[in-house]
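> Got a structure for you, query_7.txt, holding compact mmCIF, C-alpha atoms and all ligand atoms.
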```
# COMPACT_ATOMS: atom_id res chain seq x y z
CA MET J 1 -131.03 -68.62 -170.04
CA LYS J 2 -132.97 -65.58 -171.22
CA GLY J 3 -130.61 -62.69 -170.44
CA LYS J 4 -127.37 -61.72 -172.17
CA PHE J 5 -123.92 -61.65 -170.63
CA ILE J 6 -121.62 -58.83 -171.77
CA THR J 7 -118.08 -58.40 -170.47
CA ILE J 8 -115.65 -55.53 -170.89
CA GLU J 9 -111.91 -56.10 -170.82
CA GLY J 10 -108.68 -54.22 -171.34
CA GLY J 11 -105.55 -52.98 -169.63
CA GLU J 12 -105.56 -50.51 -166.82
CA GLY J 13 -106.87 -47.06 -167.65
CA ALA J 14 -108.45 -48.32 -170.88
CA GLY J 15 -111.80 -46.75 -169.94
CA LYS J 16 -113.75 -49.83 -168.82
CA SER J 17 -115.53 -48.16 -165.89
CA THR J 18 -116.31 -45.03 -167.92
CA ASN J 19 -117.77 -46.99 -170.83
CA LEU J 20 -119.72 -49.46 -168.71
CA ILE J 21 -121.88 -46.57 -167.59
CA PHE J 22 -122.37 -45.62 -171.24
CA ILE J 23 -123.33 -49.22 -172.17
CA ARG J 24 -125.78 -49.38 -169.28
CA GLN J 25 -127.47 -46.20 -170.56
CA TYR J 26 -127.65 -47.65 -174.08
CA LEU J 27 -129.29 -50.86 -172.83
CA LYS J 28 -131.67 -49.03 -170.52
CA ALA J 29 -132.81 -46.92 -173.47
CA ALA J 30 -133.49 -50.25 -175.24
CA GLU J 31 -135.65 -51.17 -172.21
CA LYS J 32 -133.36 -53.88 -170.89
CA LYS J 33 -133.03 -54.57 -167.19
CA VAL J 34 -129.31 -54.32 -166.51
CA VAL J 35 -127.15 -55.70 -163.69
CA LEU J 36 -123.79 -53.92 -163.53
CA THR J 37 -121.06 -55.82 -161.70
CA ARG J 38 -117.31 -56.41 -161.61
CA GLU J 39 -114.51 -58.92 -161.03
CA PRO J 40 -112.83 -59.66 -158.83
CA GLY J 41 -115.82 -58.73 -156.64
CA GLY J 42 -119.52 -58.39 -157.22
CA THR J 43 -120.55 -60.11 -153.94
CA SER J 44 -119.65 -59.36 -150.32
CA VAL J 45 -117.26 -62.33 -150.21
CA GLY J 46 -115.84 -61.44 -153.62
CA GLU J 47 -115.22 -57.82 -152.59
CA LYS J 48 -113.27 -59.05 -149.55
CA ILE J 49 -111.17 -61.28 -151.80
CA ARG J 50 -110.67 -58.26 -154.11
CA ASP J 51 -109.39 -56.16 -151.21
CA VAL J 52 -106.73 -58.78 -150.45
CA LEU J 53 -105.78 -59.22 -154.11
CA LEU J 54 -105.36 -55.49 -154.77
CA ASP J 55 -103.70 -54.62 -151.45
CA LYS J 56 -100.22 -53.43 -152.37
CA LYS J 57 -98.94 -54.53 -148.93
CA GLN J 58 -99.74 -58.20 -149.80
CA ILE J 59 -96.51 -58.77 -151.68
CA ASP J 60 -96.25 -62.48 -150.81
CA ILE J 61 -99.28 -63.87 -152.71
CA SER J 62 -98.05 -66.74 -154.87
CA ASN J 63 -99.19 -67.03 -158.50
CA ASP J 64 -101.30 -70.14 -157.82
CA THR J 65 -102.90 -68.52 -154.77
CA GLU J 66 -103.76 -65.47 -156.87
CA LEU J 67 -105.30 -67.67 -159.57
CA LEU J 68 -107.38 -69.66 -157.09
CA MET J 69 -108.58 -66.50 -155.34
CA MET J 70 -109.79 -65.12 -158.68
CA PHE J 71 -111.81 -68.28 -159.25
CA ALA J 72 -113.05 -68.42 -155.64
CA ALA J 73 -114.48 -64.92 -156.03
CA ARG J 74 -115.86 -65.90 -159.46
CA ALA J 75 -117.62 -69.03 -158.16
CA GLN J 76 -119.47 -66.91 -155.58
CA HIS J 77 -120.24 -64.25 -158.17
CA ILE J 78 -121.67 -66.72 -160.70
CA GLU J 79 -123.84 -68.55 -158.19
CA HIS J 80 -125.19 -65.52 -156.35
CA VAL J 81 -125.33 -62.76 -158.97
CA ILE J 82 -124.67 -63.70 -162.59
CA LEU J 83 -126.77 -66.84 -163.06
CA PRO J 84 -129.79 -65.62 -161.07
CA ALA J 85 -129.81 -62.40 -163.13
CA LEU J 86 -129.46 -64.18 -166.48
CA ASN J 87 -132.14 -66.70 -165.53
CA ALA J 88 -134.47 -63.81 -164.67
CA GLY J 89 -133.90 -62.38 -168.17
CA ASP J 90 -131.65 -59.50 -167.07
CA TRP J 91 -128.62 -58.33 -168.99
CA VAL J 92 -125.41 -58.70 -167.01
CA LEU J 93 -122.65 -56.18 -167.70
CA CYS J 94 -119.42 -57.24 -166.07
CA ASP J 95 -116.20 -55.22 -165.66
CA ARG J 96 -113.68 -58.02 -166.39
CA PHE J 97 -114.30 -61.78 -166.26
CA THR J 98 -112.29 -64.95 -167.02
CA ASP J 99 -110.50 -63.42 -170.02
CA ALA J 100 -108.75 -61.21 -167.45
CA THR J 101 -107.47 -64.39 -165.81
CA TYR J 102 -106.07 -65.65 -169.11
CA ALA J 103 -104.52 -62.21 -169.71
CA TYR J 104 -103.09 -61.43 -166.23
CA GLN J 105 -102.47 -64.82 -164.60
CA GLY J 106 -101.78 -66.52 -167.96
CA GLY J 107 -100.04 -63.86 -170.09
CA GLY J 108 -98.77 -61.71 -167.22
CA ARG J 109 -97.73 -64.29 -164.62
CA GLY J 110 -97.01 -67.16 -167.02
CA ILE J 111 -99.48 -69.74 -165.68
CA ASP J 112 -100.30 -72.41 -168.21
CA ASN J 113 -103.59 -71.79 -170.08
CA GLU J 114 -104.64 -75.41 -169.62
CA ARG J 115 -104.66 -75.01 -165.84
CA ILE J 116 -106.83 -71.91 -166.18
CA ALA J 117 -109.15 -73.76 -168.58
CA THR J 118 -109.57 -76.56 -166.02
CA LEU J 119 -110.76 -74.06 -163.41
CA GLU J 120 -112.91 -72.26 -165.99
CA ASN J 121 -114.75 -75.47 -166.87
CA TRP J 122 -115.13 -76.47 -163.22
CA VAL J 123 -116.39 -73.12 -161.92
CA GLN J 124 -118.40 -71.95 -164.93
CA GLY J 125 -119.70 -75.12 -166.55
CA THR J 126 -120.97 -73.91 -169.92
CA LEU J 127 -121.32 -70.25 -168.91
CA ARG J 128 -119.39 -67.94 -171.28
CA PRO J 129 -119.99 -64.28 -172.21
CA ASP J 130 -122.22 -63.60 -175.21
CA LEU J 131 -120.23 -60.51 -176.14
CA THR J 132 -116.81 -59.27 -174.99
CA LEU J 133 -115.59 -55.75 -175.71
CA LEU J 134 -111.82 -55.41 -175.59
CA LEU J 135 -110.79 -51.79 -175.06
CA ASP J 136 -107.33 -51.78 -176.56
CA LEU J 137 -104.69 -49.08 -176.29
CA PRO J 138 -100.91 -48.88 -175.87
CA VAL J 139 -99.92 -49.77 -172.31
CA GLU J 140 -98.09 -46.46 -171.70
CA GLU J 141 -101.20 -44.48 -172.66
CA GLY J 142 -103.43 -46.47 -170.27
CA MET J 143 -100.89 -46.03 -167.47
CA LYS J 144 -100.83 -42.28 -168.01
CA ARG J 145 -104.61 -42.14 -167.71
CA ALA J 146 -104.73 -44.39 -164.64
CA ASN J 147 -101.86 -42.65 -162.86
CA LYS J 148 -103.66 -39.32 -162.98
CA ARG J 149 -106.32 -40.85 -160.79
CA SER J 150 -105.13 -42.84 -157.77
CA GLU J 151 -102.33 -44.63 -155.89
CA PRO J 152 -101.19 -47.79 -157.73
CA ASP J 153 -102.62 -51.08 -156.35
CA ARG J 154 -100.77 -54.43 -156.21
CA PHE J 155 -101.25 -55.11 -159.94
CA GLU J 156 -100.56 -51.55 -161.03
CA GLN J 157 -97.11 -51.76 -159.45
CA GLU J 158 -96.04 -54.32 -162.06
CA LYS J 159 -93.55 -53.36 -164.78
CA LEU J 160 -94.23 -52.35 -168.37
CA GLU J 161 -93.26 -55.81 -169.73
CA PHE J 162 -95.94 -57.44 -167.57
CA PHE J 163 -98.63 -55.18 -169.03
CA ASN J 164 -97.36 -55.70 -172.57
CA ARG J 165 -97.74 -59.48 -172.07
CA VAL J 166 -101.27 -58.85 -170.75
CA ARG J 167 -102.14 -56.76 -173.80
CA ASN J 168 -100.75 -59.37 -176.21
CA ALA J 169 -102.70 -62.14 -174.46
CA TYR J 170 -105.92 -60.13 -174.84
CA LEU J 171 -105.26 -59.43 -178.52
CA ASN J 172 -104.53 -63.12 -179.17
CA MET J 173 -107.82 -64.13 -177.52
CA ALA J 174 -109.72 -61.52 -179.53
CA ARG J 175 -108.20 -62.78 -182.78
CA THR J 176 -109.02 -66.41 -182.05
CA ASN J 177 -112.54 -65.82 -180.63
CA THR J 178 -113.96 -63.55 -183.30
CA GLY J 179 -117.50 -64.81 -182.61
CA ARG J 180 -117.87 -63.07 -179.27
CA TYR J 181 -114.95 -60.58 -179.19
CA ARG J 182 -115.00 -57.04 -180.55
CA ILE J 183 -111.87 -54.89 -180.39
CA VAL J 184 -112.44 -51.19 -179.66
CA ASP J 185 -109.63 -48.71 -180.37
CA ALA J 186 -109.57 -47.07 -176.93
CA SER J 187 -106.67 -44.73 -177.72
CA THR J 188 -108.94 -42.16 -179.38
CA SER J 189 -111.28 -39.54 -177.87
CA LEU J 190 -114.05 -40.74 -175.55
CA GLU J 191 -116.59 -39.59 -178.14
CA ASN J 192 -115.00 -41.78 -180.81
CA VAL J 193 -114.71 -44.77 -178.45
CA GLN J 194 -118.41 -44.48 -177.66
CA GLU J 195 -119.29 -44.28 -181.36
CA GLN J 196 -117.44 -47.58 -181.90
CA ILE J 197 -119.25 -49.14 -178.93
CA THR J 198 -122.64 -47.94 -180.17
CA GLN J 199 -122.03 -49.58 -183.55
CA ILE J 200 -121.07 -52.87 -181.89
CA LEU J 201 -124.14 -52.81 -179.64
CA ASP J 202 -126.42 -51.93 -182.55
CA GLU J 203 -125.14 -54.99 -184.44
CA PHE J 204 -125.32 -57.23 -181.38
CA CYS J 205 -128.91 -56.23 -180.69
CA VAL J 206 -129.96 -56.78 -184.32
CA ASP J 207 -128.27 -60.22 -184.34
CA ASN J 208 -130.15 -61.13 -181.19
CA ILE J 209 -133.48 -59.86 -182.60
CA LEU J 210 -134.05 -57.38 -179.79
N1 LIG N 301 -107.49 -59.10 -162.45
C1 LIG N 301 -106.73 -60.25 -162.65
O1 LIG N 301 -105.50 -60.21 -162.53
N2 LIG N 301 -107.36 -61.41 -162.99
C2 LIG N 301 -108.71 -61.50 -163.10
O2 LIG N 301 -109.23 -62.59 -163.39
C3 LIG N 301 -109.49 -60.32 -162.89
C4 LIG N 301 -108.84 -59.14 -162.57
C5 LIG N 301 -110.97 -60.37 -163.02
C6 LIG N 301 -108.49 -54.94 -160.84
O3 LIG N 301 -109.17 -54.65 -161.99
C7 LIG N 301 -107.28 -55.77 -161.15
O4 LIG N 301 -107.60 -57.16 -161.11
C8 LIG N 301 -106.73 -55.51 -162.52
C9 LIG N 301 -106.55 -56.89 -163.17
C10 LIG N 301 -106.81 -57.85 -162.05
N3 LIG N 301 -105.49 -54.89 -162.35
N4 LIG N 301 -104.88 -54.15 -163.10
N5 LIG N 301 -104.19 -53.44 -163.59
P1 LIG N 301 -109.87 -53.23 -162.25
O5 LIG N 301 -110.59 -53.41 -163.52
O6 LIG N 301 -110.64 -52.80 -161.09
O7 LIG N 301 -108.64 -52.24 -162.37
P2 LIG N 301 -108.03 -51.49 -163.56
O8 LIG N 301 -107.85 -52.24 -164.79
O9 LIG N 301 -106.81 -50.93 -162.95
O10 LIG N 301 -109.16 -50.47 -163.93
P3 LIG N 301 -109.01 -48.96 -164.01
O11 LIG N 301 -107.62 -48.47 -163.82
O12 LIG N 301 -110.06 -48.43 -163.10
O13 LIG N 301 -109.27 -48.63 -165.51
P4 LIG N 301 -110.58 -48.49 -166.38
O14 LIG N 301 -111.83 -48.75 -165.61
O15 LIG N 301 -110.35 -49.24 -167.62
O16 LIG N 301 -110.55 -46.95 -166.78
P5 LIG N 301 -111.49 -45.72 -166.33
O17 LIG N 301 -111.49 -45.56 -164.84
O18 LIG N 301 -112.79 -45.76 -167.02
O19 LIG N 301 -110.64 -44.55 -167.02
C11 LIG N 301 -109.35 -44.18 -166.56
C12 LIG N 301 -109.16 -42.65 -166.75
O20 LIG N 301 -109.06 -42.37 -168.13
C13 LIG N 301 -110.31 -41.81 -166.20
O21 LIG N 301 -109.79 -40.63 -165.67
C14 LIG N 301 -111.14 -41.52 -167.45
O22 LIG N 301 -111.86 -40.32 -167.35
C15 LIG N 301 -110.07 -41.44 -168.51
N6 LIG N 301 -110.54 -41.86 -169.86
C16 LIG N 301 -111.35 -42.89 -170.18
N7 LIG N 301 -111.52 -42.98 -171.51
C17 LIG N 301 -110.77 -41.98 -172.05
C18 LIG N 301 -110.52 -41.56 -173.41
N8 LIG N 301 -111.06 -42.19 -174.47
N9 LIG N 301 -109.69 -40.51 -173.59
C19 LIG N 301 -109.12 -39.88 -172.54
N10 LIG N 301 -109.31 -40.22 -171.22
C20 LIG N 301 -110.13 -41.26 -171.00
```
Could you write out this structure as structure tokens?

Amino acid sequence: MKGKFITIEGGEGAGKSTNLIFIRQYLKAAEKKVVLTREPGGTSVGEKIRDVLLDKKQIDISNDTELLMMFAARAQHIEHVILPALNAGDWVLCDRFTDATYAYQGGGRGIDNERIATLENWVQGTLRPDLTLLLDLPVEEGMKRANKRSEPDRFEQEKLEFFNRVRNAYLNMARTNTGRYRIVDASTSLENVQEQITQILDEFCVDNIL
């Protein structure tokens, strides 16, 4: 595989969408061909699955169904978008990936990590991100930012404790996967967040002799 796979993670309102655009500009300036995508979604089938998963009227989705739908969308995404792009030498920038499953379905819903790992190995084989940026900020701050923007979706209707479990799951993953994870303090000004991201990307590009 010639391309690089970068994922961005964090709680709601952490600034993932905003900073993905910034990262794309950085990589384009470094003359990389970039594919920007997201999960759940990224393909026509995946976007349909996303619509069901986020629909606040779908209150009867069981935890296992939710988990399997995440991986169904992911299987389609990997086969039709991520692997072809990486094999062509493109850089794939993805708004959430499997770490979100460990955080939300694992930390948030309480599904055992081993069951998630089984699906991860089945659907992804050896594919893992090369770099994961975790935009971290207190849950209440992210909620304030997200609430300014739009009606809450099915996940956003969850309670504070759910999102605190999600945040803790992310921080635990970041602390145990220091090779590919970088934690960004997302509670500061956008300018400061983007300075932190620039430093991380500078180091990543040097390490990868680009
Ligand atoms: N999910 C899951 O459960 N399992 C999985 O495996 C996967 C996903 C892949 C959809 O994700 C849901 O799917 C998600 C988890 C679940 N549910 N939740 N919650 P999503 O990524 O599409 O949804 P989201 O997390 O709710 O994203 P978001 O609310 O769009 O947040 P964001 O992209 O991180 O933030 P943003 O739109 O860039 O910024 C939010 C606002 O804050 C905006 O007005 C910005 O201008 C502002 N902002 C950004 N940065 C700053 C700073 N630094 N200061 C001040 N204001 C700022």
> Which of these residues is nearest to ligand LIG 301 (chain N), using all atoms listed in the file: J:Asn121, J:Ser189, J:Asn172, J:Asn113?
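Going through J:Asn121, J:Ser189, J:Asn172, J:Asn113 one by one, the smallest distance to ligand LIG 301 (chain N) is for J:Ser189.
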> Around ligand LIG 301 (chain N), out to 8 Å and counting all atoms listed in the file, which residues are there? I want them as number ranges by chain.
J: 9-19, 38-40, 50, 53-54, 66-67, 70-71, 95-105, 135, 142, 145-146, 148-149, 153-156, 163, 186-193
> Would you mind telling me which residue in J:Ala88, J:Ala174, J:Leu68, J:Leu134 lies nearest to J:Lys2 when using all atoms listed in the file?
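Checking each of J:Ala88, J:Ala174, J:Leu68, J:Leu134 against J:Lys2, counting all atoms listed in the file, the winner is J:Ala88.
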> Can you tell me how far atom CA of J:Leu93 sits from atom CA of J:Val34, in Å to one decimal?
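Taking atom CA of J:Leu93 and atom CA of J:Val34, their separation equals 7.0 Å.
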> With a distance cut-off of 10 Å and all atoms listed in the file, select the neighbouring residues of J:Val123, excluding the residue or stretch itself and same-chain residues fewer than 2 positions from it, and output the selection as a VMD selection string.
chain J and resid 71 to 72 74 to 76 78 to 79 117 to 121 125 to 127
> Residues of stretch 87-165 of chain J that approach stretch 202-208 of chain J to 12 Å or less, counting only C-alpha atoms: could you list each one with the shortest pair of atoms and its distance in Å to one decimal, rows by chain and increasing residue number, as a Markdown table?

```
| residue | atom | partner | partner_atom | distance |
| --- | --- | --- | --- | --- |
| J:Trp91 | CA | J:Cys205 | CA | 11.9 |
| J:Asp130 | CA | J:Phe204 | CA | 9.4 |
| J:Leu131 | CA | J:Phe204 | CA | 8.0 |
| J:Thr132 | CA | J:Phe204 | CA | 10.8 |
| J:Leu133 | CA | J:Phe204 | CA | 11.4 |
```
> Which of these, J:Ile116, J:Lys57, J:Gln196, J:Arg175, has the shortest distance to J:Pro152 once you count only C-alpha atoms?
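Among the listed residues, J:Lys57 lies closest to J:Pro152.
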> I'd like to know which of J:Leu171, J:Leu36, J:Ile61, J:Val92 is closest to J:Arg128, using all atoms listed in the file.
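Of the candidates, the smallest distance to J:Arg128 is held by J:Val92.
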> Which is closest to J:Ala169 among J:Glu140, J:Asp90, J:Gly107, J:Glu151, if we use all atoms listed in the file?
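Closest residue, counting all atoms listed in the file: J:Gly107.
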> Give me, please, the distance in Å between atom CA of J:Asn87 and atom CA of J:Thr198, quoted to one decimal.
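Atom-to-atom, atom CA of J:Asn87 to atom CA of J:Thr198, that is 25.6 Å.
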> Pick from J:Gly42, J:Asp185, J:Ile82, J:Asp112: nearest to J:Asp64, with all atoms listed in the file counted?
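Result for the nearest residue to J:Asp64: J:Asp112.
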> Which distance in Å separates atom CA of J:Gln194 and atom CA of J:Phe22, to one decimal?
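One can read the atom CA of J:Gln194 to atom CA of J:Phe22 distance as 7.6 Å.
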